[in-house]
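Engineer: To start, I am sharing the structure in question, which I have written as C-alpha cells.
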Amino acid sequence: MDPLSDVLSLLKPRNYMSAGFDAGGEWSIQFPDQQESIKCGAVVSGQCWLSVDGVPDAVRLDAGDCFLLPRGRPFRLASDMTLPSVDASTVFASARNGGIARYNDGGGCFIVSCRFALASNHAGILLRTLPPIVHIRKESDLAALRWPVERMMQEMRERQPGGFLIIQHLAHMILIQALRLHLAEGMNGGVGWLFALADKQMGAAISAMHENPAHHWTLQTLGEQAGMSRSSFALKFKETVGKSPMEYLTRWRMVLAADRLENSGDPVSVIALSLGYESESAFSTAFKRVMGCSPRQYGRGRHPLPTPDRELKLPLTEPAVA
C-alpha cells in the first residue's frame, strides 16, 4: 500500500454518521465537541458560514465547497453568524443515519456531511498534521469530489435496499479524496509526513520505508530511492517532514509495533525481528524511547498518559489554517 493508505488502514476510520441537512430562511446550528472524530461536509446548494472553536475567522461556504474538520472541535454552521444558535441535537434528532434533517422547511442550503471515528490509539498521526479547517473550493479540486457527493445525496433522497452500505463507502471516498486534495495543496508551506507525500522525491523515500520497514535503511539507500545524494536528501527530508529520516523510520516502526501489540498475540521477540531489530533488547529500548513505556507494558494496556510530543508518534508539524 501507499503511505496514506497505510496510515488510514492503521487508524481504521469508521463512518458512524452520514446525513443531509436542508435549511431554509435564517438559521444557526451549534454542533458539540466531536470527540476527536473527523467531520467532512459538502455544500450541495446555497451558501452558509462555518465557524470552529479556536479559529478566529468564520469561513464562507458556497455551493460546491467542501470542508474537513479534523480536530473534533465544536463548530457552528449558520446563514448569518450574528444569529443565536440552536443545538444540533434538536435538529438532527429525527434524522436517521443516512437521512435528511430539515430546518425551517428547507430549500435554502443543502449540506451533505459525514463523521468518522478513528479506532486506533494513534489518531494524532493524522489529526495533528491537519489544520482545524480544511476548505476545498478550487473548481479543479471540486470536480473530483462532485460524483461521490452527488451520489450520496441521491442515496439519501431515494431510500433503496443496500443504501446504508453504499453511503458508508461513499463517505470513505469523500474523506480520502479531501485528504488527497489537501495533500496536493500542502506544498505551499505545509510541513509533515502528509505534505511530504506530495513531493516526488520525499514521497518515494517514505513509500520505501512503509513498504519495507524491516529493511536496514541508511541515509545512502534512502537517498538513492529519492534520486538524491545522501546529504541533500537528509537536509530536504528534515525541512519537508520536520524530522530526520531515521527518526521518521523509527517512529513508524514503533507505531506498527504498537498496533501489533494491541491487536495480535505475537510475542515481543517476533515483532522486533519483523521490524528489523536483531535483538529484543534493542527493540524494547527504541520502543520505550518513542512510546514512553516498555512493549510488555503497552501490550498489557498500561499506556502512558499522552504528552504533546509522545501523543503524535510521528514527526508532524502543524501547518497554517487552510
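To be explicit about the labels: the chains of the C-alpha cells are called A, B, and onward in the order shown, and within each one the residues are counted from 1, while ligands get numbers from 1 in the order they are shown.
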Skip Glu278 (chain A) itself and residues of its chain fewer than 5 positions away, then list as a list in words all residues within 12 Å of it, counting only C-alpha atoms.

Structural biologist: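 These residues fall inside the cut-off: Ala214, His215, His216, Ser269, Val270, Ile271, Ala272, Leu273, Phe283 and Ser284 of chain A.
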
Engineer: Among region 8-108 of chain A, which residues does DSSP mark as strand (DSSP E) when it is run on the backbone? Keep the chain and numbering as in the structure and answer as a VMD selection string.

Structural biologist: chain A and resid 13 to 23 28 to 31 38 to 45 47 to 52 59 to 62 66 to 69 75 to 78 86 to 87 100 to 103

Engineer: Once you have the residues from the selection above, write them out as an mmCIF file, in the first residue's frame, restricted to C-alpha atoms.

Structural biologist:
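Result saved to again_36.cif:
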data_model
loop_
_atom_site.group_PDB
_atom_site.id
_atom_site.type_symbol
_atom_site.label_atom_id
_atom_site.label_comp_id
_atom_site.auth_asym_id
_atom_site.auth_seq_id
_atom_site.Cartn_x
_atom_site.Cartn_y
_atom_site.Cartn_z
ATOM 1 C CA PRO A 13 -11.696 5.341 10.182
ATOM 2 C CA ARG A 14 -15.289 4.252 10.788
ATOM 3 C CA ASN A 15 -18.124 6.309 9.380
ATOM 4 C CA TYR A 16 -20.762 6.352 12.096
ATOM 5 C CA MET A 17 -22.913 9.227 10.867
ATOM 6 C CA SER A 18 -23.826 10.420 7.388
ATOM 7 C CA ALA A 19 -26.718 12.801 6.930
ATOM 8 C CA GLY A 20 -28.151 15.562 4.802
ATOM 9 C CA PHE A 21 -29.124 18.969 6.167
ATOM 10 C CA ASP A 22 -31.684 21.072 4.318
ATOM 11 C CA ALA A 23 -32.148 24.541 5.827
ATOM 12 C CA SER A 28 -27.730 28.954 13.054
ATOM 13 C CA ILE A 29 -26.845 25.463 14.348
ATOM 14 C CA GLN A 30 -24.275 24.758 17.073
ATOM 15 C CA PHE A 31 -22.546 21.365 16.975
ATOM 16 C CA ILE A 38 -13.280 13.862 11.706
ATOM 17 C CA LYS A 39 -16.173 15.826 10.215
ATOM 18 C CA CYS A 40 -16.388 16.012 6.433
ATOM 19 C CA GLY A 41 -19.021 18.001 4.565
ATOM 20 C CA ALA A 42 -20.001 19.459 1.198
ATOM 21 C CA VAL A 43 -22.399 22.265 0.313
ATOM 22 C CA VAL A 44 -24.619 20.930 -2.460
ATOM 23 C CA SER A 45 -26.659 24.107 -2.924
ATOM 24 C CA GLN A 47 -24.318 29.002 0.972
ATOM 25 C CA CYS A 48 -23.571 29.369 4.682
ATOM 26 C CA TRP A 49 -20.883 30.274 7.214
ATOM 27 C CA LEU A 50 -18.687 27.866 9.178
ATOM 28 C CA SER A 51 -17.106 28.807 12.499
ATOM 29 C CA VAL A 52 -14.839 26.467 14.515
ATOM 30 C CA VAL A 59 -15.319 30.668 6.618
ATOM 31 C CA ARG A 60 -17.903 31.288 3.914
ATOM 32 C CA LEU A 61 -19.015 28.085 2.181
ATOM 33 C CA ASP A 62 -20.571 28.379 -1.275
ATOM 34 C CA CYS A 66 -16.174 21.010 0.718
ATOM 35 C CA PHE A 67 -14.744 21.163 4.217
ATOM 36 C CA LEU A 68 -12.894 18.869 6.586
ATOM 37 C CA LEU A 69 -12.797 19.404 10.362
ATOM 38 C CA PHE A 75 -18.362 24.251 15.439
ATOM 39 C CA ARG A 76 -21.266 26.295 14.088
ATOM 40 C CA LEU A 77 -22.997 26.445 10.704
ATOM 41 C CA ALA A 78 -25.189 29.462 10.035
ATOM 42 C CA VAL A 86 -29.932 26.169 18.389
ATOM 43 C CA ASP A 87 -28.376 22.885 19.451
ATOM 44 C CA ILE A 100 -32.091 14.260 5.814
ATOM 45 C CA ALA A 101 -32.768 16.776 8.587
ATOM 46 C CA ARG A 102 -34.846 19.812 7.591
ATOM 47 C CA TYR A 103 -34.928 23.192 9.276
#

Engineer: How far is it from CA of Met81 (chain A) to CA of Val55 (chain A), in Å with one decimal?

Structural biologist: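 It comes out at 14.0 Å.
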
Engineer: Taking the chain letters and numbering used in this document, name the residues of region 54-194 of chain A that DSSP puts in alpha helix (DSSP H), as a PyMOL selection string.

Structural biologist: chain A and resi 88-92+124-127+139-157+163-185+193-194

Engineer: What does the distance between CA of Leu130 (chain A) and CA of Val7 (chain A) come to in Å, to one decimal place?

Structural biologist: 13.9 Å

Engineer: Kindly indicate which residue among A:Ser37, A:Ser279, A:Thr240, A:Ser79 lies nearest to Cys109 (chain A), using only C-alpha atoms for the distances.

Structural biologist: A:Ser79

Engineer: What gap, in Å, lies between CA of Phe287 (chain A) and CA of Leu183 (chain A)?

Structural biologist: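 A separation of 29.1 Å between them.
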
Engineer: Tell me which protein, DNA and RNA residues are within 9 Å of region 169-171 of chain A, counting only C-alpha atoms, leaving out same-chain ones fewer than 4 positions away, and put them as a list in words.

Structural biologist: Asn15, Ser18, Cys40, Ser113, Cys114, Arg115, Phe116, Pro148, Val149, Arg151, Met152, Phe164, Leu165, Leu175 and Ile176 of chain A

Engineer: Find, counting only C-alpha atoms, the residue in A:Ile174, A:Leu11, A:Met246, A:Leu179 that gets nearest to Ala205 (chain A).

Structural biologist: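 Of A:Ile174, A:Leu11, A:Met246, A:Leu179, the one nearest Ala205 (chain A), counting only C-alpha atoms, is A:Met246.
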
Engineer: Which is closest to Gly276 (chain A) among A:Arg260, A:Arg230, A:Arg253, A:Lys238, if we use only C-alpha atoms?

Structural biologist: A:Arg253
